[in-house]
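Structure first, commentary second.
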Amino acid sequence: MVEEKKIFKFFNMPWYYFITFAIIVLASTMMGVLPAGMAGCFAFMIVFGTLLSELGDRLPIVRSFLGGGAIVVIFGMGYLRYVNFFDVFDLFTSVNSSGVSYTKILMNDIESFFKPTGAFLDFYIAALITGSILGMNRKLLMKAATRYFPAIFGGIILAFGLATLGGAITGFGAIRALLLIALPIMGGGMGAGAVPLSKIFESTGTMTAEEAISIMNPAVAIGNATSIVLAGLIVKLIVNKKLNGQGQLMYSNANDTSEVDITPEMKEKRDKITVANMGVGLFTSISFFAFGYICSSIWTSLVPSVNIHAYAWMIISVALCKIFNLLPESVEIACYQWFQFIMKNLTPTLLVGIGLCYLSLKVVIDSFSFTYILICFLTCFGAIIGAGFVGKLVGFYPIEASITAGLCMANMGGTGDVAVLSAADRMELMPFAQISSRLGGAIILIIGSLMLSIMGGML
């Protein structure tokens, strides 16, 4: 029997089909006839997002230490706009009746898709928050609060403390270091961390989302790289059996994984994706998002001095529904499937919009310095020490607690978890790393809302 040759794919389709469609999209762009609105924006962003994401996932150092495709898409698109690369389209088209170049029209279309309401971002984030929390094991979610969350808070507190101290000593600014470096690093990556945080910055009037994300983007990338390197180092440098559990999180026989793994039955149900489930997941996620705005409106009317963003209320409501089992299993599965669909298919597309609309490369260049890198390192180091110390107090091995509750808070979410645990040779701790990325990141959004309402004016 002849083994079938594996075909290289772009965007989950054979490469030659993708290239054919990409040529059609770019040809219509160069001719100035790319459809306006959502259809044209999606087509254009999928082409560039897919190509840059594939590039980043194959560059050795970038893939291993800097976040791979996500970072390349964001900074790649930001760079292309910074050097006016897209002006090449004007060579093939003429200006419209108002004298506006086609490149300007195209960029305006994309910006209108992302700004000023941020509709696509809200759509993406609603799916991510709802599906990721409802997709967790309920017993794990409940049990994690008793031991694991104290370790997470230990890492957060010391990370924030060292970053603030570093900002004060170096002259960068204590509040500036806390809000623009430590907060996004501990926020769980781009899609679930820096992006919603930038919108919270804008909603509180602290600064525009564009200004915020341009400063936070380098912090997320540097924090991710630092976390991976430190994870590989601490397991080699600290081998004391009282501190290093060799992959076991809890002391004695308390490391019970029966409440961690998704059961085979649940996995089988999740794998049976249906068109109907996509609709249920879509409607449920945006309903929770709307409920977040209801709670935010009521809270603001009662306590106008403290702003808590709708994202935070959404997270709380989804977590409570999961803990108290208020939704049927079928709806939870539908939300998880919808979240997986959005994350796997539209993340590079989202990142293209972030790179074009929210990343100002000039601000990035202006903010990049030795001081900036030092504060990023102090944030990650604080996460290690804080999570390890509190972890030991609640019955965890300090090294494993430092990696999962500390560094997996400071990395770039799911891809960062894989990289950090791989570097530490602790892949069996992935369920706990996911708690850090999902719920720990959610905690940071809640903390960020409160911090910005109180300290935003001090920047």
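Here, A, B, ... name the chains of the structure tokens in the order displayed, residue numbers run from 1 inside each chain, and ligands are numbered from 1 in the same displayed order.
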Could you pull the residues within 10 Å of Val33 (chain A), counting only C-alpha atoms, minus those fewer than 6 positions along the same chain, as a ChimeraX atom specification?
/A:25,27,40,93,102
Using the selection just defined, write its residues with C-alpha atoms as an mmCIF file, in the first residue's frame.
```cif
data_model
loop_
_atom_site.group_PDB
_atom_site.id
_atom_site.type_symbol
_atom_site.label_atom_id
_atom_site.label_comp_id
_atom_site.auth_asym_id
_atom_site.auth_seq_id
_atom_site.Cartn_x
_atom_site.Cartn_y
_atom_site.Cartn_z
ATOM 1 C CA VAL A 25 -7.806 38.745 -3.185
ATOM 2 C CA ALA A 27 -5.510 41.190 -7.537
ATOM 3 C CA GLY A 40 -13.217 42.648 1.829
ATOM 4 C CA THR A 93 -5.186 52.187 -9.117
ATOM 5 C CA TYR A 102 -7.008 53.473 -2.667
#
```
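With only C-alpha atoms taken into account, the protein and nucleic acid residues at most 12 Å from Phe370 (chain A) (excluding it and anything under 4 positions from it in its own chain) are Gly166, Gly167, Thr170, Phe172, Ile222, Asp366, Leu374, Ile375, Cys376 and Phe377 of chain A.
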Serialized selection, all heavy atoms, as a PDB file, in the first residue's frame:
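What ended up in part08.pdb:
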```
ATOM      1  N   GLY A 166      11.007  48.697  40.449  1.00  0.00           N
ATOM      2  CA  GLY A 166      11.931  48.931  39.336  1.00  0.00           C
ATOM      3  C   GLY A 166      11.618  50.215  38.593  1.00  0.00           C
ATOM      4  O   GLY A 166      12.521  50.971  38.216  1.00  0.00           O
ATOM      5  N   GLY A 167      10.328  50.478  38.378  1.00  0.00           N
ATOM      6  CA  GLY A 167       9.933  51.703  37.698  1.00  0.00           C
ATOM      7  C   GLY A 167      10.299  52.942  38.488  1.00  0.00           C
ATOM      8  O   GLY A 167      10.718  53.955  37.915  1.00  0.00           O
ATOM      9  N   THR A 170      14.377  53.301  38.492  1.00  0.00           N
ATOM     10  CA  THR A 170      14.969  53.642  37.196  1.00  0.00           C
ATOM     11  C   THR A 170      14.477  54.960  36.618  1.00  0.00           C
ATOM     12  O   THR A 170      15.031  55.460  35.642  1.00  0.00           O
ATOM     13  CB  THR A 170      14.678  52.529  36.175  1.00  0.00           C
ATOM     14  OG1 THR A 170      13.249  52.384  36.018  1.00  0.00           O
ATOM     15  CG2 THR A 170      15.274  51.203  36.618  1.00  0.00           C
ATOM     16  N   PHE A 172      11.510  55.294  35.296  1.00  0.00           N
ATOM     17  CA  PHE A 172      10.470  55.000  34.301  1.00  0.00           C
ATOM     18  C   PHE A 172       9.107  55.421  34.820  1.00  0.00           C
ATOM     19  O   PHE A 172       8.224  55.809  34.046  1.00  0.00           O
ATOM     20  CB  PHE A 172      10.475  53.491  33.997  1.00  0.00           C
ATOM     21  CG  PHE A 172       9.538  53.070  32.910  1.00  0.00           C
ATOM     22  CD1 PHE A 172       9.913  53.123  31.578  1.00  0.00           C
ATOM     23  CD2 PHE A 172       8.256  52.607  33.215  1.00  0.00           C
ATOM     24  CE1 PHE A 172       9.040  52.733  30.575  1.00  0.00           C
ATOM     25  CE2 PHE A 172       7.379  52.207  32.221  1.00  0.00           C
ATOM     26  CZ  PHE A 172       7.776  52.274  30.892  1.00  0.00           C
ATOM     27  N   ILE A 222       8.393  40.334  25.418  1.00  0.00           N
ATOM     28  CA  ILE A 222       9.576  40.173  26.265  1.00  0.00           C
ATOM     29  C   ILE A 222       9.253  39.295  27.476  1.00  0.00           C
ATOM     30  O   ILE A 222      10.047  38.444  27.883  1.00  0.00           O
ATOM     31  CB  ILE A 222      10.116  41.550  26.712  1.00  0.00           C
ATOM     32  CG1 ILE A 222      10.608  42.341  25.491  1.00  0.00           C
ATOM     33  CG2 ILE A 222      11.253  41.379  27.723  1.00  0.00           C
ATOM     34  CD1 ILE A 222      10.923  43.788  25.801  1.00  0.00           C
ATOM     35  N   ASP A 366      10.046  54.072  20.587  1.00  0.00           N
ATOM     36  CA  ASP A 366      10.336  55.080  21.612  1.00  0.00           C
ATOM     37  C   ASP A 366      10.348  54.476  23.020  1.00  0.00           C
ATOM     38  O   ASP A 366      11.067  54.955  23.904  1.00  0.00           O
ATOM     39  CB  ASP A 366       9.307  56.207  21.548  1.00  0.00           C
ATOM     40  CG  ASP A 366       9.461  57.056  20.283  1.00  0.00           C
ATOM     41  OD1 ASP A 366      10.534  56.977  19.644  1.00  0.00           O
ATOM     42  OD2 ASP A 366       8.504  57.777  19.932  1.00  0.00           O
ATOM     43  N   LEU A 374      14.451  45.600  31.735  1.00  0.00           N
ATOM     44  CA  LEU A 374      14.704  45.292  33.140  1.00  0.00           C
ATOM     45  C   LEU A 374      13.399  45.140  33.915  1.00  0.00           C
ATOM     46  O   LEU A 374      13.237  44.203  34.710  1.00  0.00           O
ATOM     47  CB  LEU A 374      15.554  46.399  33.773  1.00  0.00           C
ATOM     48  CG  LEU A 374      15.805  46.272  35.285  1.00  0.00           C
ATOM     49  CD1 LEU A 374      16.588  44.994  35.587  1.00  0.00           C
ATOM     50  CD2 LEU A 374      16.530  47.499  35.816  1.00  0.00           C
ATOM     51  N   ILE A 375      12.456  46.033  33.675  1.00  0.00           N
ATOM     52  CA  ILE A 375      11.177  45.968  34.380  1.00  0.00           C
ATOM     53  C   ILE A 375      10.406  44.713  33.970  1.00  0.00           C
ATOM     54  O   ILE A 375       9.744  44.082  34.796  1.00  0.00           O
ATOM     55  CB  ILE A 375      10.351  47.244  34.125  1.00  0.00           C
ATOM     56  CG1 ILE A 375      11.082  48.472  34.695  1.00  0.00           C
ATOM     57  CG2 ILE A 375       8.968  47.135  34.758  1.00  0.00           C
ATOM     58  CD1 ILE A 375      10.448  49.796  34.329  1.00  0.00           C
ATOM     59  N   CYS A 376      10.502  44.345  32.706  1.00  0.00           N
ATOM     60  CA  CYS A 376       9.869  43.100  32.245  1.00  0.00           C
ATOM     61  C   CYS A 376      10.459  41.901  32.984  1.00  0.00           C
ATOM     62  O   CYS A 376       9.722  40.997  33.417  1.00  0.00           O
ATOM     63  CB  CYS A 376      10.067  42.930  30.740  1.00  0.00           C
ATOM     64  SG  CYS A 376       9.121  44.077  29.704  1.00  0.00           S
ATOM     65  N   PHE A 377      11.789  41.889  33.129  1.00  0.00           N
ATOM     66  CA  PHE A 377      12.447  40.786  33.842  1.00  0.00           C
ATOM     67  C   PHE A 377      12.021  40.752  35.308  1.00  0.00           C
ATOM     68  O   PHE A 377      11.740  39.674  35.860  1.00  0.00           O
ATOM     69  CB  PHE A 377      13.969  40.925  33.752  1.00  0.00           C
ATOM     70  CG  PHE A 377      14.713  39.935  34.602  1.00  0.00           C
ATOM     71  CD1 PHE A 377      14.891  38.627  34.158  1.00  0.00           C
ATOM     72  CD2 PHE A 377      15.210  40.289  35.848  1.00  0.00           C
ATOM     73  CE1 PHE A 377      15.558  37.698  34.944  1.00  0.00           C
ATOM     74  CE2 PHE A 377      15.868  39.374  36.644  1.00  0.00           C
ATOM     75  CZ  PHE A 377      16.057  38.069  36.192  1.00  0.00           C
TER      76      PHE A 377
END
```
Taken to one decimal, the CA of Cys41 (chain A)-CA of Asp109 (chain A) distance is 7.0 Å
Here CA of Thr206 (chain A) and CA of Ile373 (chain A) stand apart by 23.3 Å
May I have a table of the residues of region 313-417 of chain A lying at most 12 Å from region 54-65 of chain A, giving each one's closest pair of atoms and their distance in Å to one decimal, counting only C-alpha atoms, ordered by chain and ascending residue number, as a tab-separated table?
```
residue	atom	partner	partner_atom	distance
A:Pro348	CA	A:Glu54	CA	9.7
A:Asn411	CA	A:Phe65	CA	10.2
A:Met412	CA	A:Phe65	CA	10.5
A:Thr415	CA	A:Arg63	CA	9.7
A:Gly416	CA	A:Phe65	CA	8.9
A:Asp417	CA	A:Ser64	CA	11.6
```
Take the selection from the previous step and output its residues with N, CA and C atoms, as a short mmCIF file (atom, residue, chain, number, x, y, z; two decimals), in the first residue's frame.
```cif
data_model
loop_
_atom_site.label_atom_id
_atom_site.label_comp_id
_atom_site.auth_asym_id
_atom_site.auth_seq_id
_atom_site.Cartn_x
_atom_site.Cartn_y
_atom_site.Cartn_z
N PRO A 348 -5.23 34.82 13.64
CA PRO A 348 -4.33 35.61 12.79
C PRO A 348 -5.01 36.81 12.14
N ASN A 411 3.39 34.36 30.61
CA ASN A 411 3.67 34.04 29.21
C ASN A 411 2.51 34.49 28.32
N MET A 412 2.50 34.02 27.06
CA MET A 412 1.49 34.46 26.10
C MET A 412 0.37 33.44 25.93
N THR A 415 -0.10 29.15 23.71
CA THR A 415 1.18 28.83 23.08
C THR A 415 2.32 29.03 24.06
N GLY A 416 2.22 30.03 24.90
CA GLY A 416 3.23 30.27 25.92
C GLY A 416 3.27 29.14 26.93
N ASP A 417 2.10 28.60 27.29
CA ASP A 417 2.06 27.47 28.23
C ASP A 417 2.84 26.28 27.69
#
```
(message) If we count only C-alpha atoms and set the cut-off at 12 Å, which residues sit around Ile316 (chain A), ignoring sequence neighbours fewer than 2 positions away in its own chain? Please answer as a PyMOL selection string.
(response) chain A and resi 129-130+133-134+288-289+291-292+295-296+308-314+318-323+439+442-443+445-446
Identify, on the basis of only C-alpha atoms, every residue whose closest approach to region 334-336 of chain A does not exceed 6 Å; exclude the query and any residue fewer than 2 positions from it along the same chain; express the result as a list of chain:residue names. A:Gly131, A:Gly135, A:Asn277, A:Val280, A:Gly281, A:Val331, A:Glu332, A:Trp338, A:Phe339
Create the file for the chosen residues now, containing C-alpha atoms and written as a CSV table (one decimal), in the first residue's frame.
```csv
chain,number,residue,atom,x,y,z
A,131,GLY,CA,-15.9,29.1,25.7
A,135,GLY,CA,-14.9,24.4,28.7
A,277,ASN,CA,-23.7,24.1,18.0
A,280,VAL,CA,-25.7,28.2,20.1
A,281,GLY,CA,-22.2,29.1,21.0
A,331,VAL,CA,-24.7,24.7,25.8
A,332,GLU,CA,-21.3,24.5,27.5
A,338,TRP,CA,-17.6,28.1,19.0
A,339,PHE,CA,-14.6,29.3,21.0
```
- request: Extract the full set of alpha helix (DSSP H) residues from region 293-343 of chain A according to DSSP on the backbone, and format it as a PyMOL selection string.
  value: chain A and resi 293-302+310-323+329-343
Which residues are near region 389-395 of chain A? Cut-off 7 Å, only C-alpha atoms, ignore same chain within fewer than 4 positions. Put them as number ranges by chain. A: 147, 150-151, 154, 250-251, 385, 401
Can I get the selection written as an mmCIF file, in the first residue's frame, with C-alpha atoms?
```cif
data_model
loop_
_atom_site.group_PDB
_atom_site.id
_atom_site.type_symbol
_atom_site.label_atom_id
_atom_site.label_comp_id
_atom_site.auth_asym_id
_atom_site.auth_seq_id
_atom_site.Cartn_x
_atom_site.Cartn_y
_atom_site.Cartn_z
ATOM 1 C CA ARG A 147 -5.117 26.188 46.748
ATOM 2 C CA PRO A 150 -3.544 31.888 46.438
ATOM 3 C CA ALA A 151 -0.375 30.866 44.581
ATOM 4 C CA GLY A 154 1.275 35.495 45.381
ATOM 5 C CA MET A 250 1.332 18.846 45.340
ATOM 6 C CA TYR A 251 3.206 17.232 48.197
ATOM 7 C CA ILE A 385 9.242 34.055 43.774
ATOM 8 C CA ALA A 401 4.107 26.387 41.625
#
```
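When the distance limit is 8 Å and only C-alpha atoms are what count, the residues near Ile399 (chain A), minus those fewer than 4 positions from it on the same chain, are Ile234, Val235, Ile238, Leu243, Asn244, Gly245, Gly388 and Ile403 of chain A.
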Q. If we count only C-alpha atoms, what is near Met430 (chain A) at a cut-off of 8 Å, once residues fewer than 2 positions away on the same chain are taken out, given as a list in words?
A. Asp417, Val418, Leu421, Arg426, Met427, Glu428, Phe432, Ala433 and Gln434 of chain A
Restricting it to C-alpha atoms, dump the selection as an mmCIF file, in the first residue's frame.
```
data_model
loop_
_atom_site.group_PDB
_atom_site.id
_atom_site.type_symbol
_atom_site.label_atom_id
_atom_site.label_comp_id
_atom_site.auth_asym_id
_atom_site.auth_seq_id
_atom_site.Cartn_x
_atom_site.Cartn_y
_atom_site.Cartn_z
ATOM 1 C CA ASP A 417 2.058 27.474 28.232
ATOM 2 C CA VAL A 418 3.325 24.850 25.801
ATOM 3 C CA LEU A 421 6.233 23.633 30.160
ATOM 4 C CA ARG A 426 6.702 19.601 32.900
ATOM 5 C CA MET A 427 4.049 18.986 30.219
ATOM 6 C CA GLU A 428 1.972 16.930 32.685
ATOM 7 C CA PHE A 432 -2.834 23.873 35.875
ATOM 8 C CA ALA A 433 -1.086 26.060 33.332
ATOM 9 C CA GLN A 434 -4.435 26.442 31.582
#
```
Q) What is the CA of Ile213 (chain A)-CA of Tyr358 (chain A) distance in Å, reported with one decimal? A)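 CA of Tyr358 (chain A) lies 6.2 Å from CA of Ile213 (chain A).
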